[in-house]
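Below is one structure, written out as structure tokens; the observations come after it.
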Amino acid sequence: MSGALILAGGGLAGIAWEIGVLAGISDADPALYTAITAPEVTYIGTSAGSAVASQLAGGATIEELFAQQIAEETAELGAEIDLVAFSATMASLVEGATTAAEARRRIGRFALDAVTASSADRRAVIAARLPVDAWPERRLLITAVDTGSGELRIFDRHSGVHLIDAVSASCAVPGVWPTVEIEGKQYMDGGTRTIANVDLAAGCDPVIILTPAPEINQLGPTLPPHELIALGDASVSAVFADDESILAFGQNPLDPGVRPPAARAGRIQGARIAAELARNWN
């Protein structure tokens, strides 16, 4: 199997940063950008990353996407979120759970009970992000979690599910955005499993992972080691947000106002790391 580009979750700041990093790679090494976005490369998108992966797969140019991120006008809905409080809530929900699936079921119940924006309004926001609303021919995997079972679901062009619904489900942050009904089940953010679901790239080589977060968080490694191990002997480049990017994200990654600084910080970082990524990719 060919290579994979994995795009992790991270809110509006994450979308902007990932687009910025890719724009910076394109600036510094156009051939590398062409290689990592080639039709044979698998895209794996979780939450914010599902939007970026779908935008790229839909044929949008990186300059078009970057221009959207630095524009003052946007169709995005903002939301207030305190990351410290949100993390504490998630931790309290899963305390005592004996399995990962049970922990996600608890988060699922929380997501279902939350008062959020309407499903129609949220779907319109997701639709506005995507250049086309049909699945591309290339291999694009979008992750979401079943609120009832706690199990991961992987949507692709063979799933019989509308692309907008798949991305909406993947981006349904528990307690912030509404869950998404698909085939009689309610789905929530794919990041409630893990931030990037890296193990889905098993068999791909090489692999680039864009993660709009520090490498280490208060709970340990941002990317679970067992998921990286699942990639075997593949050449893996994990890119984490640098200090300048983290500062650009601000206190609320769901604030549309963070988009321009996050995108610009990502572009600088992408250009700086392009040479190293090229060595690993090749």
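Going through the structure tokens in order, the chains are called A, B, and so on, while each chain numbers its residues from 1 and the ligands are numbered from 1 in the order shown.
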
Task: Who sits within 9 Å of Gly59 of chain A, only C-alpha atoms, same chain under 3 positions skipped, as a VMD selection string - done: chain A and resid 54 to 56 131 to 132 136

With N, CA, C and O atoms retained, export the selected residues as a PDB file, in the first residue's frame.
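Output file part_35.pdb is given in full below:
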```pdb
ATOM      1  N   SER A  54     -11.094  16.133   3.730  1.00  0.00           N
ATOM      2  CA  SER A  54     -12.171  16.194   2.733  1.00  0.00           C
ATOM      3  C   SER A  54     -11.986  17.377   1.799  1.00  0.00           C
ATOM      4  O   SER A  54     -12.308  17.291   0.603  1.00  0.00           O
ATOM      5  N   GLN A  55     -11.498  18.495   2.336  1.00  0.00           N
ATOM      6  CA  GLN A  55     -11.234  19.651   1.481  1.00  0.00           C
ATOM      7  C   GLN A  55     -10.166  19.335   0.446  1.00  0.00           C
ATOM      8  O   GLN A  55     -10.316  19.634  -0.739  1.00  0.00           O
ATOM      9  N   LEU A  56      -9.081  18.732   0.895  1.00  0.00           N
ATOM     10  CA  LEU A  56      -8.004  18.364  -0.022  1.00  0.00           C
ATOM     11  C   LEU A  56      -8.489  17.334  -1.050  1.00  0.00           C
ATOM     12  O   LEU A  56      -8.222  17.453  -2.242  1.00  0.00           O
ATOM     13  N   PRO A 131     -15.478  21.781  -0.517  1.00  0.00           N
ATOM     14  CA  PRO A 131     -15.589  22.277  -1.894  1.00  0.00           C
ATOM     15  C   PRO A 131     -16.573  21.464  -2.731  1.00  0.00           C
ATOM     16  O   PRO A 131     -17.218  21.992  -3.632  1.00  0.00           O
ATOM     17  N   VAL A 132     -16.682  20.178  -2.448  1.00  0.00           N
ATOM     18  CA  VAL A 132     -17.681  19.312  -3.080  1.00  0.00           C
ATOM     19  C   VAL A 132     -18.257  18.422  -1.990  1.00  0.00           C
ATOM     20  O   VAL A 132     -17.608  18.138  -0.989  1.00  0.00           O
ATOM     21  N   PRO A 136     -14.664  11.492  -2.840  1.00  0.00           N
ATOM     22  CA  PRO A 136     -13.703  11.414  -3.940  1.00  0.00           C
ATOM     23  C   PRO A 136     -13.407   9.960  -4.284  1.00  0.00           C
ATOM     24  O   PRO A 136     -13.739   9.042  -3.535  1.00  0.00           O
TER      25      PRO A 136
END
```

Task: For segment 66-72 of chain A: contacts at 10 Å, only C-alpha atoms, fewer than 3 positions along chain excluded, given as a ChimeraX atom specification - done: /A:12-13,15-23,61-63,129,256-264,267

Write a file of the just-selected residues containing N, CA, C and O atoms, as a compact mmCIF listing (two decimals), in the first residue's frame.
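Output contents, as saved in out-v8.txt:
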```
# COMPACT_ATOMS: atom_id res chain seq x y z
N LEU A 12 -11.19 24.59 15.34
CA LEU A 12 -10.93 25.52 14.25
C LEU A 12 -9.45 25.89 14.18
O LEU A 12 -8.90 26.09 13.10
N ALA A 13 -8.81 25.95 15.34
CA ALA A 13 -7.37 26.21 15.35
C ALA A 13 -6.63 25.09 14.64
O ALA A 13 -5.68 25.33 13.89
N ILE A 15 -7.80 23.03 12.26
CA ILE A 15 -8.03 23.11 10.81
C ILE A 15 -7.07 24.12 10.19
O ILE A 15 -6.40 23.84 9.20
N ALA A 16 -7.03 25.31 10.79
CA ALA A 16 -6.19 26.37 10.25
C ALA A 16 -4.72 25.99 10.28
O ALA A 16 -3.98 26.23 9.30
N TRP A 17 -4.28 25.41 11.38
CA TRP A 17 -2.87 25.04 11.51
C TRP A 17 -2.48 23.97 10.50
O TRP A 17 -1.42 24.06 9.86
N GLU A 18 -3.30 22.93 10.36
CA GLU A 18 -2.98 21.86 9.41
C GLU A 18 -2.89 22.39 7.99
O GLU A 18 -1.98 22.04 7.23
N ILE A 19 -3.83 23.26 7.63
CA ILE A 19 -3.78 23.88 6.30
C ILE A 19 -2.52 24.74 6.18
O ILE A 19 -1.84 24.72 5.14
N GLY A 20 -2.18 25.46 7.25
CA GLY A 20 -0.97 26.27 7.23
C GLY A 20 0.29 25.44 7.06
O GLY A 20 1.18 25.78 6.27
N VAL A 21 0.38 24.33 7.79
CA VAL A 21 1.55 23.45 7.66
C VAL A 21 1.68 22.95 6.23
O VAL A 21 2.78 22.96 5.65
N LEU A 22 0.58 22.51 5.65
CA LEU A 22 0.63 22.01 4.28
C LEU A 22 1.00 23.12 3.29
O LEU A 22 1.74 22.88 2.33
N ALA A 23 0.52 24.33 3.55
CA ALA A 23 0.90 25.46 2.69
C ALA A 23 2.39 25.75 2.81
O ALA A 23 3.06 26.05 1.81
N THR A 61 -7.36 23.79 -3.80
CA THR A 61 -5.92 24.02 -3.76
C THR A 61 -5.52 24.50 -2.37
O THR A 61 -6.33 25.07 -1.63
N ILE A 62 -4.27 24.30 -2.03
CA ILE A 62 -3.82 24.69 -0.70
C ILE A 62 -3.86 26.21 -0.55
O ILE A 62 -4.14 26.73 0.55
N GLU A 63 -3.65 26.95 -1.62
CA GLU A 63 -3.73 28.41 -1.52
C GLU A 63 -5.16 28.86 -1.30
O GLU A 63 -5.41 29.83 -0.56
N ARG A 129 -17.77 24.17 4.51
CA ARG A 129 -16.33 23.89 4.52
C ARG A 129 -15.87 23.12 3.29
O ARG A 129 -14.72 23.22 2.88
N PRO A 256 -13.53 31.32 16.03
CA PRO A 256 -13.11 31.58 14.64
C PRO A 256 -11.97 32.59 14.53
O PRO A 256 -11.23 32.59 13.55
N GLY A 257 -11.81 33.43 15.54
CA GLY A 257 -10.76 34.43 15.51
C GLY A 257 -9.35 33.86 15.56
O GLY A 257 -8.39 34.57 15.23
N VAL A 258 -9.21 32.59 15.98
CA VAL A 258 -7.86 32.01 16.05
C VAL A 258 -7.38 31.51 14.69
O VAL A 258 -6.20 31.15 14.54
N ARG A 259 -8.26 31.48 13.72
CA ARG A 259 -7.90 30.90 12.42
C ARG A 259 -6.71 31.58 11.75
O ARG A 259 -5.75 30.89 11.37
N PRO A 260 -6.73 32.90 11.57
CA PRO A 260 -5.59 33.52 10.89
C PRO A 260 -4.25 33.31 11.58
O PRO A 260 -3.28 32.89 10.92
N PRO A 261 -4.13 33.59 12.90
CA PRO A 261 -2.82 33.37 13.51
C PRO A 261 -2.38 31.91 13.51
O PRO A 261 -1.20 31.60 13.34
N ALA A 262 -3.33 30.97 13.67
CA ALA A 262 -2.98 29.55 13.65
C ALA A 262 -2.50 29.13 12.26
O ALA A 262 -1.55 28.37 12.12
N ALA A 263 -3.17 29.62 11.23
CA ALA A 263 -2.78 29.28 9.87
C ALA A 263 -1.39 29.83 9.55
O ALA A 263 -0.55 29.15 8.95
N ARG A 264 -1.14 31.06 9.95
CA ARG A 264 0.17 31.68 9.64
C ARG A 264 1.29 30.98 10.41
O ARG A 264 2.38 30.74 9.87
N ARG A 267 2.03 27.75 8.72
CA ARG A 267 2.75 27.91 7.46
C ARG A 267 4.25 28.07 7.69
O ARG A 267 5.07 27.50 6.97
```

- [ ] Identify, with DSSP run on backbone atoms, the residues in segment 77-230 of chain A assigned to alpha helix (DSSP H), and express the list as a PyMOL selection string.
- [x] chain A and resi 83-94+100-113+119-129+163-170+225-229

Output C-alpha atoms of each residue in that selection to a file, as a short mmCIF file (atom, residue, chain, number, x, y, z; two decimals), in the first residue's frame.
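Output saved as result_4.cif:
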```cif
data_model
loop_
_atom_site.label_atom_id
_atom_site.label_comp_id
_atom_site.auth_asym_id
_atom_site.auth_seq_id
_atom_site.Cartn_x
_atom_site.Cartn_y
_atom_site.Cartn_z
CA LEU A 83 -10.03 23.29 27.60
CA VAL A 84 -9.04 22.75 31.23
CA ALA A 85 -12.66 22.44 32.34
CA PHE A 86 -13.54 20.31 29.32
CA SER A 87 -10.68 17.91 30.03
CA ALA A 88 -11.74 17.70 33.67
CA THR A 89 -15.31 16.89 32.61
CA MET A 90 -14.15 14.14 30.27
CA ALA A 91 -11.91 12.71 32.98
CA SER A 92 -14.74 12.64 35.50
CA LEU A 93 -17.04 10.93 33.00
CA VAL A 94 -14.66 8.05 32.35
CA ALA A 100 -12.23 2.02 26.59
CA ALA A 101 -15.59 1.28 24.99
CA GLU A 102 -17.37 1.81 28.32
CA ALA A 103 -15.57 5.13 28.74
CA ARG A 104 -16.72 6.23 25.30
CA ARG A 105 -20.30 5.12 26.01
CA ARG A 106 -20.30 7.37 29.06
CA ILE A 107 -19.08 10.27 26.95
CA GLY A 108 -21.74 9.35 24.41
CA ARG A 109 -24.51 9.68 26.99
CA PHE A 110 -23.11 13.07 27.96
CA ALA A 111 -23.07 14.12 24.31
CA LEU A 112 -26.66 13.03 23.76
CA ASP A 113 -27.91 14.94 26.80
CA SER A 119 -28.25 19.84 13.86
CA ALA A 120 -29.37 21.76 10.75
CA ASP A 121 -27.24 24.80 11.58
CA ARG A 122 -24.22 22.66 12.32
CA ARG A 123 -24.62 20.63 9.11
CA ALA A 124 -24.76 23.88 7.13
CA VAL A 125 -21.42 24.91 8.64
CA ILE A 126 -19.81 21.61 7.64
CA ALA A 127 -21.30 21.84 4.14
CA ALA A 128 -19.78 25.32 3.75
CA ARG A 129 -16.33 23.89 4.52
CA LEU A 163 -19.77 12.93 3.05
CA ILE A 164 -21.25 15.93 4.88
CA ASP A 165 -22.83 13.63 7.46
CA ALA A 166 -19.59 11.70 7.93
CA VAL A 167 -17.57 14.87 8.50
CA SER A 168 -20.29 16.32 10.76
CA ALA A 169 -20.17 13.18 12.88
CA SER A 170 -16.39 13.22 13.07
CA PRO A 225 2.35 4.58 21.61
CA HIS A 226 0.41 1.42 20.78
CA GLU A 227 -1.07 3.14 17.72
CA LEU A 228 2.38 4.11 16.48
CA ILE A 229 3.58 0.56 17.04
#
```

Open item on the list: Counting only C-alpha atoms, which residue out of A:Glu183, A:Asp133, A:Glu64, A:Glu276 sits closest to Ile208 of chain A?
Closed with: A:Glu276

Open item on the list: Report, in Å with one decimal, the straight-line distance from atom CA of Pro206 of chain A to atom CA of Val161 of chain A.
Closed with: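 Separation between atom CA of Pro206 of chain A and atom CA of Val161 of chain A: 28.7 Å.
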
Open item on the list: For segment 188-194 of chain A, find every residue with an atom within 6 Å (counting only C-alpha atoms), except residues of its own chain fewer than 4 positions away, and show them as a VMD selection string.
Closed with: chain A and resid 46 to 47 143 to 145 169 to 173 179

Task: In segment 39-181 of chain A, DSSP strand (DSSP E) residues written as a VMD selection string - done: chain A and resid 42 to 46 140 to 146 152 to 155 180 to 181

Pull N, CA and C atoms from the residues just selected and write them as an mmCIF file, in the first residue's frame.
```cif
data_model
loop_
_atom_site.group_PDB
_atom_site.id
_atom_site.type_symbol
_atom_site.label_atom_id
_atom_site.label_comp_id
_atom_site.auth_asym_id
_atom_site.auth_seq_id
_atom_site.Cartn_x
_atom_site.Cartn_y
_atom_site.Cartn_z
ATOM 1 N N THR A 42 -3.375 7.637 1.019
ATOM 2 C CA THR A 42 -4.569 7.527 1.859
ATOM 3 C C THR A 42 -4.668 8.736 2.778
ATOM 4 N N TYR A 43 -5.854 9.329 2.857
ATOM 5 C CA TYR A 43 -6.120 10.395 3.820
ATOM 6 C C TYR A 43 -6.919 9.806 4.977
ATOM 7 N N ILE A 44 -6.486 10.092 6.202
ATOM 8 C CA ILE A 44 -7.226 9.672 7.392
ATOM 9 C C ILE A 44 -7.516 10.917 8.208
ATOM 10 N N GLY A 45 -8.791 11.237 8.386
ATOM 11 C CA GLY A 45 -9.170 12.466 9.065
ATOM 12 C C GLY A 45 -10.003 12.208 10.302
ATOM 13 N N THR A 46 -9.618 12.843 11.388
ATOM 14 C CA THR A 46 -10.371 12.763 12.643
ATOM 15 C C THR A 46 -10.756 14.167 13.082
ATOM 16 N N LEU A 140 -10.214 7.859 1.262
ATOM 17 C CA LEU A 140 -10.421 8.847 2.317
ATOM 18 C C LEU A 140 -11.180 8.172 3.449
ATOM 19 N N LEU A 141 -10.574 8.143 4.640
ATOM 20 C CA LEU A 141 -11.185 7.516 5.805
ATOM 21 C C LEU A 141 -11.540 8.597 6.824
ATOM 22 N N ILE A 142 -12.812 8.622 7.231
ATOM 23 C CA ILE A 142 -13.319 9.601 8.205
ATOM 24 C C ILE A 142 -13.776 8.843 9.442
ATOM 25 N N THR A 143 -13.313 9.270 10.618
ATOM 26 C CA THR A 143 -13.611 8.529 11.844
ATOM 27 C C THR A 143 -14.706 9.199 12.672
ATOM 28 N N ALA A 144 -15.524 8.375 13.304
ATOM 29 C CA ALA A 144 -16.523 8.837 14.265
ATOM 30 C C ALA A 144 -16.757 7.705 15.260
ATOM 31 N N VAL A 145 -17.429 8.024 16.364
ATOM 32 C CA VAL A 145 -17.671 7.032 17.408
ATOM 33 C C VAL A 145 -19.171 6.925 17.673
ATOM 34 N N ASP A 146 -19.662 5.701 17.715
ATOM 35 C CA ASP A 146 -21.062 5.396 18.019
ATOM 36 C C ASP A 146 -21.307 5.705 19.495
ATOM 37 N N LEU A 152 -15.630 2.581 17.366
ATOM 38 C CA LEU A 152 -15.192 3.421 16.264
ATOM 39 C C LEU A 152 -15.887 2.987 14.980
ATOM 40 N N ARG A 153 -16.292 3.976 14.181
ATOM 41 C CA ARG A 153 -16.781 3.681 12.840
ATOM 42 C C ARG A 153 -15.934 4.454 11.844
ATOM 43 N N ILE A 154 -15.573 3.788 10.773
ATOM 44 C CA ILE A 154 -14.757 4.388 9.729
ATOM 45 C C ILE A 154 -15.624 4.552 8.489
ATOM 46 N N PHE A 155 -15.830 5.794 8.090
ATOM 47 C CA PHE A 155 -16.621 6.074 6.893
ATOM 48 C C PHE A 155 -15.696 6.258 5.695
ATOM 49 N N VAL A 180 -24.685 13.242 15.519
ATOM 50 C CA VAL A 180 -25.199 13.126 14.152
ATOM 51 C C VAL A 180 -25.821 11.752 13.962
ATOM 52 N N GLU A 181 -27.077 11.759 13.520
ATOM 53 C CA GLU A 181 -27.769 10.488 13.281
ATOM 54 C C GLU A 181 -27.418 9.952 11.903
#
```

Task: Selection near Glu40 of chain A, 12 Å with only C-alpha atoms, sequence-local residues under 3 positions removed, as a PyMOL selection string - done: chain A and resi 1-5+34-37+43+57+136-140+204-206

Could you turn the residues from that selection into a file that holds C-alpha atoms, as an mmCIF file, in the first residue's frame?
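Resulting contents of part24.cif:
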```
data_model
loop_
_atom_site.group_PDB
_atom_site.id
_atom_site.type_symbol
_atom_site.label_atom_id
_atom_site.label_comp_id
_atom_site.auth_asym_id
_atom_site.auth_seq_id
_atom_site.Cartn_x
_atom_site.Cartn_y
_atom_site.Cartn_z
ATOM 1 C CA MET A 1 0.000 0.000 0.000
ATOM 2 C CA SER A 2 1.100 3.579 -0.625
ATOM 3 C CA GLY A 3 1.649 6.355 1.893
ATOM 4 C CA ALA A 4 -0.793 8.019 4.245
ATOM 5 C CA LEU A 5 -1.452 11.562 5.445
ATOM 6 C CA THR A 34 2.604 16.954 -4.692
ATOM 7 C CA ALA A 35 3.825 13.600 -3.378
ATOM 8 C CA ILE A 36 1.897 13.662 -0.105
ATOM 9 C CA THR A 37 -1.317 14.746 -1.824
ATOM 10 C CA TYR A 43 -6.120 10.395 3.820
ATOM 11 C CA ALA A 57 -9.693 15.281 -1.448
ATOM 12 C CA PRO A 136 -13.703 11.414 -3.940
ATOM 13 C CA GLU A 137 -12.366 8.407 -5.812
ATOM 14 C CA ARG A 138 -9.254 8.338 -3.644
ATOM 15 C CA ARG A 139 -9.028 6.467 -0.316
ATOM 16 C CA LEU A 140 -10.421 8.847 2.317
ATOM 17 C CA CYS A 204 0.774 2.341 4.652
ATOM 18 C CA ASP A 205 4.331 3.552 4.123
ATOM 19 C CA PRO A 206 5.472 6.297 4.474
#
```

Find the nearest atom pair between each residue of segment 24-141 of chain A and segment 231-255 of chain A for residues within 7 Å, count only C-alpha atoms, give distances in Å to one decimal, sort rows by chain and ascending number, and present the table as CSV.
```
residue,atom,partner,partner_atom,distance
A:Gly78,CA,A:Asp255,CA,5.0
A:Ala79,CA,A:Leu254,CA,5.5
A:Glu80,CA,A:Asn252,CA,6.8
A:Ile81,CA,A:Asn252,CA,5.9
A:Asp82,CA,A:Asn252,CA,6.6
```

Just write the chosen residues, all heavy atoms, as a tab-separated table (two decimals), in the first residue's frame.
```tsv
chain	number	residue	atom	x	y	z
A	78	GLY	N	-18.81	29.91	16.11
A	78	GLY	CA	-17.91	29.82	17.24
A	78	GLY	C	-18.57	29.15	18.43
A	78	GLY	O	-19.79	29.02	18.50
A	79	ALA	N	-17.77	28.71	19.35
A	79	ALA	CA	-18.29	28.11	20.58
A	79	ALA	C	-17.30	28.41	21.70
A	79	ALA	O	-16.09	28.46	21.49
A	79	ALA	CB	-18.47	26.61	20.43
A	80	GLU	N	-17.85	28.61	22.88
A	80	GLU	CA	-17.00	28.84	24.05
A	80	GLU	C	-16.60	27.49	24.64
A	80	GLU	O	-17.46	26.63	24.88
A	80	GLU	CB	-17.74	29.66	25.10
A	80	GLU	CG	-17.97	31.11	24.71
A	80	GLU	CD	-16.67	31.90	24.60
A	80	GLU	OE1	-15.71	31.54	25.33
A	80	GLU	OE2	-16.62	32.85	23.80
A	81	ILE	N	-15.32	27.31	24.85
A	81	ILE	CA	-14.86	26.08	25.49
A	81	ILE	C	-13.62	26.38	26.32
A	81	ILE	O	-12.70	27.04	25.85
A	81	ILE	CB	-14.57	24.97	24.45
A	81	ILE	CG1	-14.22	23.64	25.14
A	81	ILE	CG2	-13.47	25.38	23.49
A	81	ILE	CD1	-14.15	22.46	24.20
A	82	ASP	N	-13.65	25.94	27.54
A	82	ASP	CA	-12.49	26.03	28.43
A	82	ASP	C	-11.83	24.67	28.41
A	82	ASP	O	-12.38	23.70	28.93
A	82	ASP	CB	-12.96	26.41	29.84
A	82	ASP	CG	-11.81	26.57	30.82
A	82	ASP	OD1	-10.82	25.80	30.74
A	82	ASP	OD2	-11.90	27.45	31.69
```

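Considering the residues A:Ala53, A:Ala38, A:Ala271, A:Ile209 and counting only C-alpha atoms, Asp156 of chain A has its shortest atom-to-atom contact with A:Ala53.
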
TODO: Name the closest residue to Glu151 of chain A among the candidates A:Thr211, A:Asn282, A:Ser118, A:Thr99; distances are taken between atoms, counting only C-alpha atoms.
DONE: A:Thr99
